[in-house]
Amino acid sequence: MSDGQRSPTSDGQIVVSGLTKQYKNVRAVNNLSFTIQPGRVTGFLGPNGAGKTTTLRMLLNLVTPTSGTATISGHRYADLSEPLRHVGAVLEASSAHKGRTGVNHLRVICAAAGLPRQRADEALALVGLTPAAKRKFKGYSLGMKQRLGIAAAMLGDPRVLILDEPANGLDPEGIRWMRGFLKGLAHEGRTVLVSSHLLSEMQLLADDVVIIAAGQLVRQGPVDQVIGSMTQGVRVRVRTPQAEALTTALKGQSATVDADGQGALLVSGVDAATVGRTALAAGVELHELTTERPDLEGVFLELTAGKAGIR
Amino acid sequence: MNLVRAELLKIRTTNTWWVFALISLPLWALTLLVNWLQSDALTSGDLGEMPPEQAAQLAAAAHPDALSANLFTTGQFFGLLIVMLLGIIVVTSEFFHQTVTTTFLTAPHRSAVMIAKLAAAALLAVLFWVVTTGLNLVAGAAVLESIGVGNQLGNVAAWEAIGLNGLAYLLWGILGVGLGVLIRSQIGATVTGILLYLGGTIGAAIAISVLAARFGDWINDLQLLVPSLASSLMVAGTEIPGNPPRWAGAAVLIGYAVVTGVAGTLILRRRDIS
Ligand SMILES: Nc1ncnc2c1ncn2[C@@H]1O[C@H](COP(=O)(O)OP(=O)(O)O)[C@@H](O)[C@H]1O
Ligand SMILES: [Mg+2]
């Protein structure tokens, strides 16, 4: 592919369009379309079995789509002339030979990709794995394996990074390291696409999210916007011994009141100040008054309700 | 070319090669001993009474051509097996250790990967043959001298056998790769390969001789279709009276190597890696 054919606007962009994968018994991915922008970390979210891994593998030419296309910078992965210099990927099942050392694992990849041999040492240093370079893969901890995977993905200094559940099995320190690392890469203008089912982590890491369930797109957009778009919005939790009196008073303010099932009321449609003022005016005694902001987890559960579960 | 280098590096960076070398050396030494004793017995004369047909075969085997061909291809029986297992491992270890994802991410053109694997296995097989043949030329010449037929290093028939032996190593290496793609499981492919080689040799030989006794001699020619028998025919060293010609065995084995290589490539191209 010549650079002339590559439209500059699509450089580093990932475009998935009408992607479908039908396995014998399941439609793992169903007519899925979304776009990922460079310079941002995009979280690819969905419950287990939603089709995240299948989508990423189709994007990387490992699984053949039943229909639809997936391109990176305007090209199918198989058509990239030097794929490792353009795209780095860390997939769930990407592993190394148990009896091979970490540095040799990377050197094999360098040899196959025509990259200079010293890139192996540089990539190990980048992920802080230099001390374990000459140890065999079978002696690596989960966190070290994950770092080796990232080192392999960084060998070609790629524009686009794709990671499938990279936080799986990492300790808190490892997760924090990864967060900083990925944010740094996005800051340099690279495209970072990270699949995960760990939502609290994604809220800290991602700029954008693509949420899928049962193989279909549920929502796409910047994290704040997706959270803000939720029907429930901000809610106020109140605890009072006079629940009925307060409920009546609040309904007069056109608020919606629900019991949370644990002795408190969840009020939406009005803010905490209004709730406090209304209670004072009605002479109702309050024991708790807190504003609850929806987080990604709540949004996610609401969006994917009924579609989750093992397929 | 990068891919072939990468495949060879994969072998060099694991303990596979020296484990295989370690297994092969004593097996080679053992075969050498057997061949020595056999050559000695064949040339020391008196082998007792026997029917004329068998006597003719023995006389052919005692000829310097056959003796040298046999000695200079020492270690072949196990060597071919080892080379096939090496070919199997070149493919199945990728699935066993789940490195196939990385391999195909690095080189999305799968046919190129498969060709590199075939080339690497072929190179390793030829290397194996070169080393064994080097040992054989030294040890075999010494044995031939000791039984009084001269070192035979100038014998054309002997060099023909050495060449066909090399072809056999090459082809079994390729067959191994094809088998590895067809049966992804490391253990499954290894067991099948060994059965095909050993069981195929012994079982098919027995079955064919039984059938030949029942239906007539033409059945003997069918042994050509069994890969292991085609191979042993091809590397028989010299033409054995009453058997199909050696080149026919070679042709059949080349056929099998091409078929498994091509089938393996086509399968690998289509398969989902998940
Ligand atoms: N090779 C396969 N053969 C059959 N079904 C598969 C295969 N791979 C995945 N699936 C099914 O496709 C669905 C999506 O799986 P996956 O993409 O792994 O989801 P996720 O990564 O979001 O957890 C699941 O129901 C899974 O069982
Ligand atoms: Mg997954």
# chains A, B, ... in the order shown; residues from 1 in each chain; ligands from 1
$ residues_near_ligand --ligand "ligand 2" --cutoff "10 Å" --atoms "only C-alpha atoms and all ligand atoms" --output "number ranges by chain"
A: 46-57, 91-93, 164-165, 195-197
$ residues_around --residues "stretch 259-270 of chain B" --least-positions-apart "5" --cutoff "10 Å" --atoms "only C-alpha atoms" --output "PyMOL selection string"
(chain A and resi 62-64) or (chain B and resi 108-115+118+174-183+253-254)
$ write_last_selection --atoms "N, CA and C atoms" --output "CSV table (one decimal), in the first residue's frame"
chain,number,residue,atom,x,y,z
A,62,LEU,N,-7.7,-12.5,12.6
A,62,LEU,CA,-7.5,-13.8,13.2
A,62,LEU,C,-8.7,-14.7,13.0
A,63,VAL,N,-9.9,-14.0,13.0
A,63,VAL,CA,-11.1,-14.7,12.8
A,63,VAL,C,-11.8,-14.0,11.5
A,64,THR,N,-12.3,-14.9,10.7
A,64,THR,CA,-13.0,-14.4,9.4
A,64,THR,C,-14.4,-13.9,9.7
B,108,PRO,N,0.4,-11.7,8.9
B,108,PRO,CA,-1.0,-12.0,8.6
B,108,PRO,C,-1.1,-12.9,7.3
B,109,HIS,N,-0.1,-13.0,6.5
B,109,HIS,CA,-0.2,-13.8,5.3
B,109,HIS,C,0.1,-15.3,5.7
B,110,ARG,N,-0.9,-16.0,5.9
B,110,ARG,CA,-0.7,-17.3,6.6
B,110,ARG,C,0.0,-18.3,5.7
B,111,SER,N,-0.2,-18.2,4.4
B,111,SER,CA,0.5,-19.1,3.5
B,111,SER,C,2.0,-18.9,3.6
B,112,ALA,N,2.4,-17.7,3.8
B,112,ALA,CA,3.8,-17.4,3.9
B,112,ALA,C,4.4,-18.1,5.2
B,113,VAL,N,3.6,-18.0,6.2
B,113,VAL,CA,4.0,-18.6,7.5
B,113,VAL,C,4.1,-20.1,7.3
B,114,MET,N,3.1,-20.7,6.6
B,114,MET,CA,3.2,-22.2,6.4
B,114,MET,C,4.4,-22.6,5.6
B,115,ILE,N,4.6,-21.8,4.5
B,115,ILE,CA,5.8,-22.1,3.7
B,115,ILE,C,7.1,-22.0,4.5
B,118,LEU,N,7.4,-25.1,6.5
B,118,LEU,CA,7.8,-26.2,5.7
B,118,LEU,C,9.3,-26.1,5.4
B,174,ILE,N,8.6,-32.7,6.0
B,174,ILE,CA,7.5,-32.0,5.4
B,174,ILE,C,6.2,-32.7,5.8
B,175,LEU,N,6.2,-34.1,5.8
B,175,LEU,CA,5.0,-34.8,6.2
B,175,LEU,C,4.6,-34.5,7.6
B,176,GLY,N,5.7,-34.3,8.5
B,176,GLY,CA,5.4,-34.0,9.9
B,176,GLY,C,4.7,-32.6,10.0
B,177,VAL,N,5.1,-31.6,9.2
B,177,VAL,CA,4.5,-30.3,9.3
B,177,VAL,C,3.0,-30.4,8.8
B,178,GLY,N,2.8,-31.1,7.7
B,178,GLY,CA,1.4,-31.3,7.3
B,178,GLY,C,0.5,-32.0,8.3
B,179,LEU,N,1.1,-33.0,8.9
B,179,LEU,CA,0.4,-33.8,9.9
B,179,LEU,C,0.0,-32.9,11.1
B,180,GLY,N,1.0,-32.0,11.5
B,180,GLY,CA,0.8,-31.1,12.6
B,180,GLY,C,-0.4,-30.1,12.4
B,181,VAL,N,-0.5,-29.7,11.1
B,181,VAL,CA,-1.6,-28.8,10.8
B,181,VAL,C,-3.0,-29.6,10.8
B,182,LEU,N,-2.9,-30.8,10.3
B,182,LEU,CA,-4.2,-31.6,10.3
B,182,LEU,C,-4.6,-31.9,11.7
B,183,ILE,N,-3.7,-32.3,12.5
B,183,ILE,CA,-4.0,-32.6,13.9
B,183,ILE,C,-3.3,-31.6,14.8
B,253,LEU,N,6.0,-41.1,-2.1
B,253,LEU,CA,6.3,-40.3,-0.9
B,253,LEU,C,6.3,-38.8,-1.2
B,254,ILE,N,6.8,-38.4,-2.3
B,254,ILE,CA,6.8,-37.0,-2.7
B,254,ILE,C,5.3,-36.6,-2.8
$ interface_residues --of "chain A" --to "chain B" --cutoff "10 Å" --atoms "only C-alpha atoms" --output "PyMOL selection string"
chain A and resi 53-54+57-58+60-65+77-85+87-101+104-105+107-115+136+149+152-153
$ atom_distance --atom1 "atom CA of B:Leu222" --atom2 "atom CA of B:Leu196"
16.4 Å
$ select_by_dssp --residues "stretch 85-289 of chain A" --states "alpha helix (DSSP H)" --output "VMD selection string"
chain A and resid 85 to 86 102 to 113 119 to 126 142 to 154 172 to 187 199 to 205 223 to 228 243 to 251 272 to 282
$ residues_around --residues "A:Ala259" --least-positions-apart "4" --cutoff "12 Å" --atoms "only C-alpha atoms" --output "PDB file with N, CA and C atoms, in the first residue's frame"
ATOM      1  N   VAL A 236     -31.000  11.447  44.703  1.00  0.00           N
ATOM      2  CA  VAL A 236     -30.719  11.828  46.099  1.00  0.00           C
ATOM      3  C   VAL A 236     -31.237  10.709  46.998  1.00  0.00           C
ATOM      4  N   ARG A 237     -30.340  10.269  47.885  1.00  0.00           N
ATOM      5  CA  ARG A 237     -30.752   9.230  48.827  1.00  0.00           C
ATOM      6  C   ARG A 237     -31.111   9.898  50.164  1.00  0.00           C
ATOM      7  N   VAL A 238     -32.332   9.636  50.645  1.00  0.00           N
ATOM      8  CA  VAL A 238     -32.755  10.194  51.955  1.00  0.00           C
ATOM      9  C   VAL A 238     -33.219   9.079  52.867  1.00  0.00           C
ATOM     10  N   ARG A 239     -32.899   9.260  54.142  1.00  0.00           N
ATOM     11  CA  ARG A 239     -33.355   8.316  55.158  1.00  0.00           C
ATOM     12  C   ARG A 239     -34.176   9.126  56.170  1.00  0.00           C
ATOM     13  N   THR A 240     -35.398   8.645  56.429  1.00  0.00           N
ATOM     14  CA  THR A 240     -36.267   9.389  57.358  1.00  0.00           C
ATOM     15  C   THR A 240     -37.228   8.419  58.048  1.00  0.00           C
ATOM     16  N   ALA A 243     -41.343   8.380  56.163  1.00  0.00           N
ATOM     17  CA  ALA A 243     -41.204   8.208  54.724  1.00  0.00           C
ATOM     18  C   ALA A 243     -42.441   8.659  53.958  1.00  0.00           C
ATOM     19  N   GLU A 244     -43.639   8.320  54.490  1.00  0.00           N
ATOM     20  CA  GLU A 244     -44.872   8.629  53.754  1.00  0.00           C
ATOM     21  C   GLU A 244     -45.097  10.135  53.627  1.00  0.00           C
ATOM     22  N   LEU A 246     -42.845  12.497  53.732  1.00  0.00           N
ATOM     23  CA  LEU A 246     -41.855  13.098  52.835  1.00  0.00           C
ATOM     24  C   LEU A 246     -42.190  12.801  51.370  1.00  0.00           C
ATOM     25  N   THR A 247     -42.614  11.547  51.107  1.00  0.00           N
ATOM     26  CA  THR A 247     -42.957  11.164  49.744  1.00  0.00           C
ATOM     27  C   THR A 247     -44.063  12.067  49.204  1.00  0.00           C
ATOM     28  N   GLY A 263     -34.689   0.622  53.421  1.00  0.00           N
ATOM     29  CA  GLY A 263     -35.154   1.613  54.383  1.00  0.00           C
ATOM     30  C   GLY A 263     -34.890   3.049  53.981  1.00  0.00           C
ATOM     31  N   ALA A 264     -34.311   3.285  52.817  1.00  0.00           N
ATOM     32  CA  ALA A 264     -34.071   4.658  52.372  1.00  0.00           C
ATOM     33  C   ALA A 264     -34.911   4.945  51.132  1.00  0.00           C
ATOM     34  N   LEU A 265     -35.026   6.230  50.779  1.00  0.00           N
ATOM     35  CA  LEU A 265     -35.766   6.619  49.580  1.00  0.00           C
ATOM     36  C   LEU A 265     -34.793   7.147  48.540  1.00  0.00           C
ATOM     37  N   LEU A 266     -35.066   6.872  47.284  1.00  0.00           N
ATOM     38  CA  LEU A 266     -34.245   7.401  46.200  1.00  0.00           C
ATOM     39  C   LEU A 266     -35.091   8.417  45.456  1.00  0.00           C
ATOM     40  N   VAL A 267     -34.636   9.650  45.448  1.00  0.00           N
ATOM     41  CA  VAL A 267     -35.422  10.731  44.866  1.00  0.00           C
ATOM     42  C   VAL A 267     -34.754  11.219  43.597  1.00  0.00           C
ATOM     43  N   SER A 268     -35.485  11.294  42.517  1.00  0.00           N
ATOM     44  CA  SER A 268     -34.898  11.877  41.313  1.00  0.00           C
ATOM     45  C   SER A 268     -35.798  12.978  40.787  1.00  0.00           C
TER      46      SER A 268
END
$ residues_around --residues "A:Gly252" --least-positions-apart "3" --cutoff "12 Å" --atoms "only C-alpha atoms" --output "mmCIF file with N, CA, C and O atoms, in the first residue's frame"
data_model
loop_
_atom_site.group_PDB
_atom_site.id
_atom_site.type_symbol
_atom_site.label_atom_id
_atom_site.label_comp_id
_atom_site.auth_asym_id
_atom_site.auth_seq_id
_atom_site.Cartn_x
_atom_site.Cartn_y
_atom_site.Cartn_z
ATOM 1 N N ALA A 245 -44.867 10.833 54.717
ATOM 2 C CA ALA A 245 -45.061 12.287 54.711
ATOM 3 C C ALA A 245 -44.107 12.955 53.721
ATOM 4 O O ALA A 245 -44.508 13.821 52.940
ATOM 5 N N LEU A 246 -42.845 12.497 53.732
ATOM 6 C CA LEU A 246 -41.855 13.098 52.835
ATOM 7 C C LEU A 246 -42.190 12.801 51.370
ATOM 8 O O LEU A 246 -42.088 13.666 50.503
ATOM 9 N N THR A 247 -42.614 11.547 51.107
ATOM 10 C CA THR A 247 -42.957 11.164 49.744
ATOM 11 C C THR A 247 -44.063 12.067 49.204
ATOM 12 O O THR A 247 -43.985 12.596 48.092
ATOM 13 N N THR A 248 -45.095 12.292 50.006
ATOM 14 C CA THR A 248 -46.210 13.140 49.590
ATOM 15 C C THR A 248 -45.723 14.557 49.294
ATOM 16 O O THR A 248 -46.035 15.130 48.239
ATOM 17 N N ALA A 249 -44.890 15.081 50.213
ATOM 18 C CA ALA A 249 -44.383 16.450 50.037
ATOM 19 C C ALA A 249 -43.542 16.575 48.768
ATOM 20 O O ALA A 249 -43.662 17.543 48.021
ATOM 21 N N ALA A 255 -41.252 15.480 41.976
ATOM 22 C CA ALA A 255 -40.110 14.572 42.038
ATOM 23 C C ALA A 255 -40.600 13.129 41.987
ATOM 24 O O ALA A 255 -41.763 12.858 42.258
ATOM 25 N N THR A 256 -39.703 12.219 41.590
ATOM 26 C CA THR A 256 -40.042 10.798 41.598
ATOM 27 C C THR A 256 -39.377 10.168 42.815
ATOM 28 O O THR A 256 -38.197 10.414 43.068
ATOM 29 N N VAL A 257 -40.147 9.379 43.544
ATOM 30 C CA VAL A 257 -39.605 8.789 44.768
ATOM 31 C C VAL A 257 -39.751 7.271 44.725
ATOM 32 O O VAL A 257 -40.822 6.755 44.417
ATOM 33 N N GLY A 269 -35.231 13.861 40.015
ATOM 34 C CA GLY A 269 -35.982 14.980 39.448
ATOM 35 C C GLY A 269 -35.742 16.288 40.200
ATOM 36 O O GLY A 269 -36.001 17.359 39.671
ATOM 37 N N VAL A 270 -35.236 16.190 41.411
ATOM 38 C CA VAL A 270 -34.895 17.401 42.172
ATOM 39 C C VAL A 270 -33.531 17.222 42.822
ATOM 40 O O VAL A 270 -33.060 16.097 42.968
ATOM 41 N N THR A 274 -33.273 20.977 47.335
ATOM 42 C CA THR A 274 -34.734 21.005 47.249
ATOM 43 C C THR A 274 -35.352 19.983 48.206
ATOM 44 O O THR A 274 -36.354 20.255 48.878
ATOM 45 N N VAL A 275 -34.739 18.800 48.255
ATOM 46 C CA VAL A 275 -35.251 17.753 49.140
ATOM 47 C C VAL A 275 -35.189 18.242 50.588
ATOM 48 O O VAL A 275 -36.160 18.122 51.358
ATOM 49 N N THR A 278 -37.798 21.001 51.236
ATOM 50 C CA THR A 278 -39.144 20.430 51.254
ATOM 51 C C THR A 278 -39.392 19.726 52.591
ATOM 52 O O THR A 278 -40.471 19.857 53.193
ATOM 53 N N ALA A 279 -38.361 18.974 53.056
ATOM 54 C CA ALA A 279 -38.497 18.247 54.315
ATOM 55 C C ALA A 279 -38.693 19.228 55.475
ATOM 56 O O ALA A 279 -39.552 19.040 56.342
ATOM 57 N N ALA A 282 -42.141 20.658 55.521
ATOM 58 C CA ALA A 282 -43.153 19.684 55.904
ATOM 59 C C ALA A 282 -42.933 19.205 57.335
ATOM 60 O O ALA A 282 -43.693 18.369 57.829
#
$ closest_residue --among "B:Ile88, B:Val131, B:Leu171, B:Leu71" --to "B:Val252" --atoms "only C-alpha atoms"
B:Leu171
$ residues_around --residues "stretch 205-213 of chain B" --least-positions-apart "3" --cutoff "10 Å" --atoms "only C-alpha atoms" --output "compact mmCIF listing (two decimals) with N, CA and C atoms, in the first residue's frame"
# COMPACT_ATOMS: atom_id res chain seq x y z
N GLY B 199 3.57 -48.37 13.33
CA GLY B 199 2.44 -49.27 13.12
C GLY B 199 2.22 -49.46 11.62
N GLY B 200 2.32 -48.35 10.89
CA GLY B 200 2.11 -48.41 9.44
C GLY B 200 3.12 -49.36 8.82
N THR B 201 4.37 -49.25 9.23
CA THR B 201 5.40 -50.10 8.65
C THR B 201 5.14 -51.57 8.95
N ILE B 202 4.97 -51.87 10.23
CA ILE B 202 4.85 -53.27 10.62
C ILE B 202 3.49 -53.83 10.24
N GLY B 216 -2.70 -63.28 -4.49
CA GLY B 216 -1.69 -63.25 -5.55
C GLY B 216 -0.69 -62.11 -5.37
N ASP B 217 0.41 -62.19 -6.11
CA ASP B 217 1.55 -61.32 -5.90
C ASP B 217 1.31 -59.84 -6.20
N TRP B 218 0.30 -59.56 -7.07
CA TRP B 218 0.11 -58.16 -7.46
C TRP B 218 -0.18 -57.28 -6.26
N ILE B 219 -0.72 -57.86 -5.19
CA ILE B 219 -1.01 -57.09 -3.98
C ILE B 219 0.27 -56.46 -3.43
N ASN B 220 1.38 -57.18 -3.62
CA ASN B 220 2.66 -56.67 -3.13
C ASN B 220 2.93 -55.25 -3.61
N ASP B 221 2.47 -54.97 -4.84
CA ASP B 221 2.74 -53.64 -5.39
C ASP B 221 1.95 -52.55 -4.67
N LEU B 222 0.87 -52.94 -3.97
CA LEU B 222 0.05 -51.95 -3.27
C LEU B 222 0.77 -51.36 -2.08
N GLN B 223 1.80 -52.06 -1.61
CA GLN B 223 2.52 -51.54 -0.45
C GLN B 223 3.05 -50.13 -0.72
N VAL B 226 1.27 -47.22 1.05
CA VAL B 226 1.46 -46.95 2.48
C VAL B 226 2.71 -46.08 2.62
N SER B 228 4.82 -45.25 4.91
CA SER B 228 6.02 -45.77 5.54
C SER B 228 6.66 -46.87 4.70
N LEU B 229 5.83 -47.64 3.98
CA LEU B 229 6.39 -48.70 3.15
C LEU B 229 6.99 -48.13 1.86
$ residues_around --residues "stretch 25-35 of chain A" --least-positions-apart "4" --cutoff "9 Å" --atoms "only C-alpha atoms" --output "tab-separated table (two decimals) with N, CA and C atoms, in the first residue's frame"
chain	number	residue	atom	x	y	z
A	13	GLN	N	-7.28	5.69	12.71
A	13	GLN	CA	-8.69	5.48	13.03
A	13	GLN	C	-9.08	4.01	12.84
A	14	ILE	N	-9.90	3.52	13.72
A	14	ILE	CA	-10.42	2.15	13.57
A	14	ILE	C	-11.89	2.26	13.20
A	15	VAL	N	-12.25	1.62	12.11
A	15	VAL	CA	-13.65	1.67	11.67
A	15	VAL	C	-14.21	0.25	11.55
A	16	VAL	N	-15.23	-0.01	12.33
A	16	VAL	CA	-15.92	-1.30	12.27
A	16	VAL	C	-17.27	-1.04	11.65
A	17	SER	N	-17.61	-1.84	10.64
A	17	SER	CA	-18.82	-1.52	9.88
A	17	SER	C	-19.62	-2.77	9.54
A	18	GLY	N	-20.77	-2.87	10.15
A	18	GLY	CA	-21.68	-3.99	9.87
A	18	GLY	C	-21.08	-5.34	10.16
A	19	LEU	N	-20.19	-5.40	11.14
A	19	LEU	CA	-19.45	-6.63	11.41
A	19	LEU	C	-20.34	-7.70	12.06
A	20	THR	N	-20.29	-8.90	11.51
A	20	THR	CA	-21.10	-10.00	12.01
A	20	THR	C	-20.28	-11.28	12.03
A	21	LYS	N	-20.38	-12.05	13.10
A	21	LYS	CA	-19.77	-13.37	13.14
A	21	LYS	C	-20.78	-14.37	13.67
A	49	GLY	N	-19.03	-12.72	27.22
A	49	GLY	CA	-19.77	-13.34	26.13
A	49	GLY	C	-20.43	-12.32	25.21
A	50	ALA	N	-20.16	-11.05	25.41
A	50	ALA	CA	-20.80	-10.01	24.60
A	50	ALA	C	-20.27	-10.00	23.17
A	51	GLY	N	-19.05	-10.52	22.98
A	51	GLY	CA	-18.48	-10.54	21.63
A	51	GLY	C	-17.28	-9.62	21.48
A	52	LYS	N	-16.72	-9.16	22.60
A	52	LYS	CA	-15.57	-8.24	22.52
A	52	LYS	C	-14.36	-8.91	21.87
A	54	THR	N	-14.20	-11.61	20.07
A	54	THR	CA	-14.46	-11.98	18.68
A	54	THR	C	-14.31	-10.76	17.77
A	55	THR	N	-14.83	-9.61	18.21
A	55	THR	CA	-14.71	-8.38	17.41
A	55	THR	C	-13.24	-8.01	17.20
A	67	SER	N	-19.84	-11.42	7.84
A	67	SER	CA	-20.05	-10.30	6.92
A	67	SER	C	-19.56	-9.02	7.59
A	68	GLY	N	-19.47	-7.96	6.82
A	68	GLY	CA	-19.00	-6.69	7.36
A	68	GLY	C	-17.50	-6.52	7.24
A	70	ALA	N	-13.77	-4.47	8.93
A	70	ALA	CA	-13.11	-3.77	10.03
A	70	ALA	C	-11.78	-3.28	9.48
A	210	VAL	N	-17.22	2.28	24.06
A	210	VAL	CA	-18.12	1.60	23.15
A	210	VAL	C	-18.69	0.46	23.97
A	212	ILE	N	-21.11	-2.82	24.24
A	212	ILE	CA	-21.88	-3.79	23.47
A	212	ILE	C	-22.48	-4.82	24.43
A	214	ALA	N	-24.62	-8.78	23.94
A	214	ALA	CA	-25.15	-9.79	23.03
A	214	ALA	C	-24.77	-9.52	21.58
A	215	GLY	N	-23.52	-9.05	21.39
A	215	GLY	CA	-23.00	-8.88	20.03
A	215	GLY	C	-23.44	-7.62	19.34
A	216	GLN	N	-24.26	-6.79	20.04
A	216	GLN	CA	-24.76	-5.58	19.38
A	216	GLN	C	-24.33	-4.32	20.11
A	217	LEU	N	-24.24	-3.21	19.35
A	217	LEU	CA	-23.86	-1.94	19.96
A	217	LEU	C	-24.99	-1.45	20.85
A	220	GLN	N	-22.28	4.41	22.32
A	220	GLN	CA	-20.92	4.83	22.02
A	220	GLN	C	-20.78	6.31	22.28
A	311	ARG	N	-24.12	-16.73	27.14
A	311	ARG	CA	-24.80	-17.14	25.92
A	311	ARG	C	-24.21	-18.44	25.42
$ residues_around --residues "A:Ile227" --least-positions-apart "3" --cutoff "7 Å" --atoms "only C-alpha atoms" --output "list in words"
Val223, Asp224, Met230, Pro294, Asp295, Leu296 and Val299 of chain A
$ atom_distance --atom1 "atom CA of B:Ala120" --atom2 "atom CA of B:Ile89"
11.6 Å
$ closest_residue --among "A:Leu204, A:Leu250, A:Val194, A:Val234" --to "A:Leu45" --atoms "only C-alpha atoms"
A:Val194
$ closest_residue --among "A:Leu163, A:Asp157, A:Leu59, A:Pro172" --to "A:Val192" --atoms "only C-alpha atoms"
A:Leu163
$ closest_residue --among "A:Gln225, A:Thr130, A:Thr304, A:Gln262" --to "A:Met144" --atoms "only C-alpha atoms"
A:Thr130
$ atom_distance --atom1 "atom CA of A:Gly174" --atom2 "atom CA of A:Val103"
20.4 Å
$ closest_residue --among "A:Leu126, A:Ile211, A:Leu142, A:Ile150" --to "ligand 1" --atoms "only C-alpha atoms and all ligand atoms"
A:Ile211
$ select_by_dssp --residues "stretch 157-232 of chain A" --states "strand (DSSP E or B)" --output "ChimeraX atom specification"
/A:160-164,191-196,208-213,216-222
$ write_last_selection --atoms "N, CA and C atoms" --output "compact mmCIF listing (two decimals), in the first residue's frame"
# COMPACT_ATOMS: atom_id res chain seq x y z
N VAL A 160 -1.26 2.34 16.67
CA VAL A 160 -2.53 1.86 17.17
C VAL A 160 -2.27 0.71 18.15
N LEU A 161 -2.86 0.79 19.33
CA LEU A 161 -2.72 -0.26 20.34
C LEU A 161 -4.07 -0.90 20.61
N ILE A 162 -4.13 -2.22 20.59
CA ILE A 162 -5.38 -2.91 20.85
C ILE A 162 -5.13 -3.92 21.96
N LEU A 163 -5.89 -3.82 23.03
CA LEU A 163 -5.65 -4.72 24.17
C LEU A 163 -6.95 -5.38 24.60
N ASP A 164 -6.93 -6.69 24.79
CA ASP A 164 -8.11 -7.43 25.21
C ASP A 164 -7.96 -7.79 26.69
N THR A 191 -3.75 5.66 18.95
CA THR A 191 -5.08 5.13 19.19
C THR A 191 -4.95 4.00 20.20
N VAL A 192 -5.74 4.03 21.26
CA VAL A 192 -5.68 2.97 22.27
C VAL A 192 -7.08 2.40 22.47
N LEU A 193 -7.25 1.14 22.12
CA LEU A 193 -8.55 0.47 22.27
C LEU A 193 -8.38 -0.66 23.29
N VAL A 194 -9.13 -0.57 24.39
CA VAL A 194 -8.97 -1.52 25.49
C VAL A 194 -10.30 -2.17 25.82
N SER A 195 -10.40 -3.48 25.71
CA SER A 195 -11.64 -4.12 26.11
C SER A 195 -11.56 -4.47 27.58
N SER A 196 -12.69 -4.44 28.23
CA SER A 196 -12.69 -4.78 29.65
C SER A 196 -14.11 -5.02 30.13
N ASP A 208 -13.30 7.61 25.87
CA ASP A 208 -14.52 7.23 25.17
C ASP A 208 -14.90 5.80 25.56
N VAL A 209 -16.14 5.46 25.37
CA VAL A 209 -16.51 4.05 25.53
C VAL A 209 -17.37 3.58 24.36
N VAL A 210 -17.22 2.28 24.06
CA VAL A 210 -18.12 1.60 23.15
C VAL A 210 -18.69 0.46 23.97
N ILE A 211 -19.99 0.46 24.17
CA ILE A 211 -20.60 -0.58 25.01
C ILE A 211 -21.39 -1.52 24.12
N ILE A 212 -21.11 -2.82 24.24
CA ILE A 212 -21.88 -3.79 23.47
C ILE A 212 -22.48 -4.82 24.43
N ALA A 213 -23.54 -5.45 23.97
CA ALA A 213 -24.15 -6.54 24.71
C ALA A 213 -24.75 -7.48 23.69
N GLN A 216 -24.26 -6.79 20.04
CA GLN A 216 -24.76 -5.58 19.38
C GLN A 216 -24.33 -4.32 20.11
N LEU A 217 -24.24 -3.21 19.35
CA LEU A 217 -23.86 -1.94 19.96
C LEU A 217 -24.99 -1.45 20.85
N VAL A 218 -24.60 -1.00 22.07
CA VAL A 218 -25.59 -0.44 22.97
C VAL A 218 -25.44 1.07 23.05
N ARG A 219 -24.20 1.54 23.17
CA ARG A 219 -23.97 2.97 23.29
C ARG A 219 -22.53 3.27 22.93
N GLN A 220 -22.28 4.41 22.32
CA GLN A 220 -20.92 4.83 22.02
C GLN A 220 -20.78 6.31 22.28
N GLY A 221 -19.66 6.76 22.84
CA GLY A 221 -19.45 8.18 23.04
C GLY A 221 -18.45 8.44 24.13
N PRO A 222 -18.17 9.73 24.42
CA PRO A 222 -17.28 10.07 25.53
C PRO A 222 -17.89 9.59 26.85
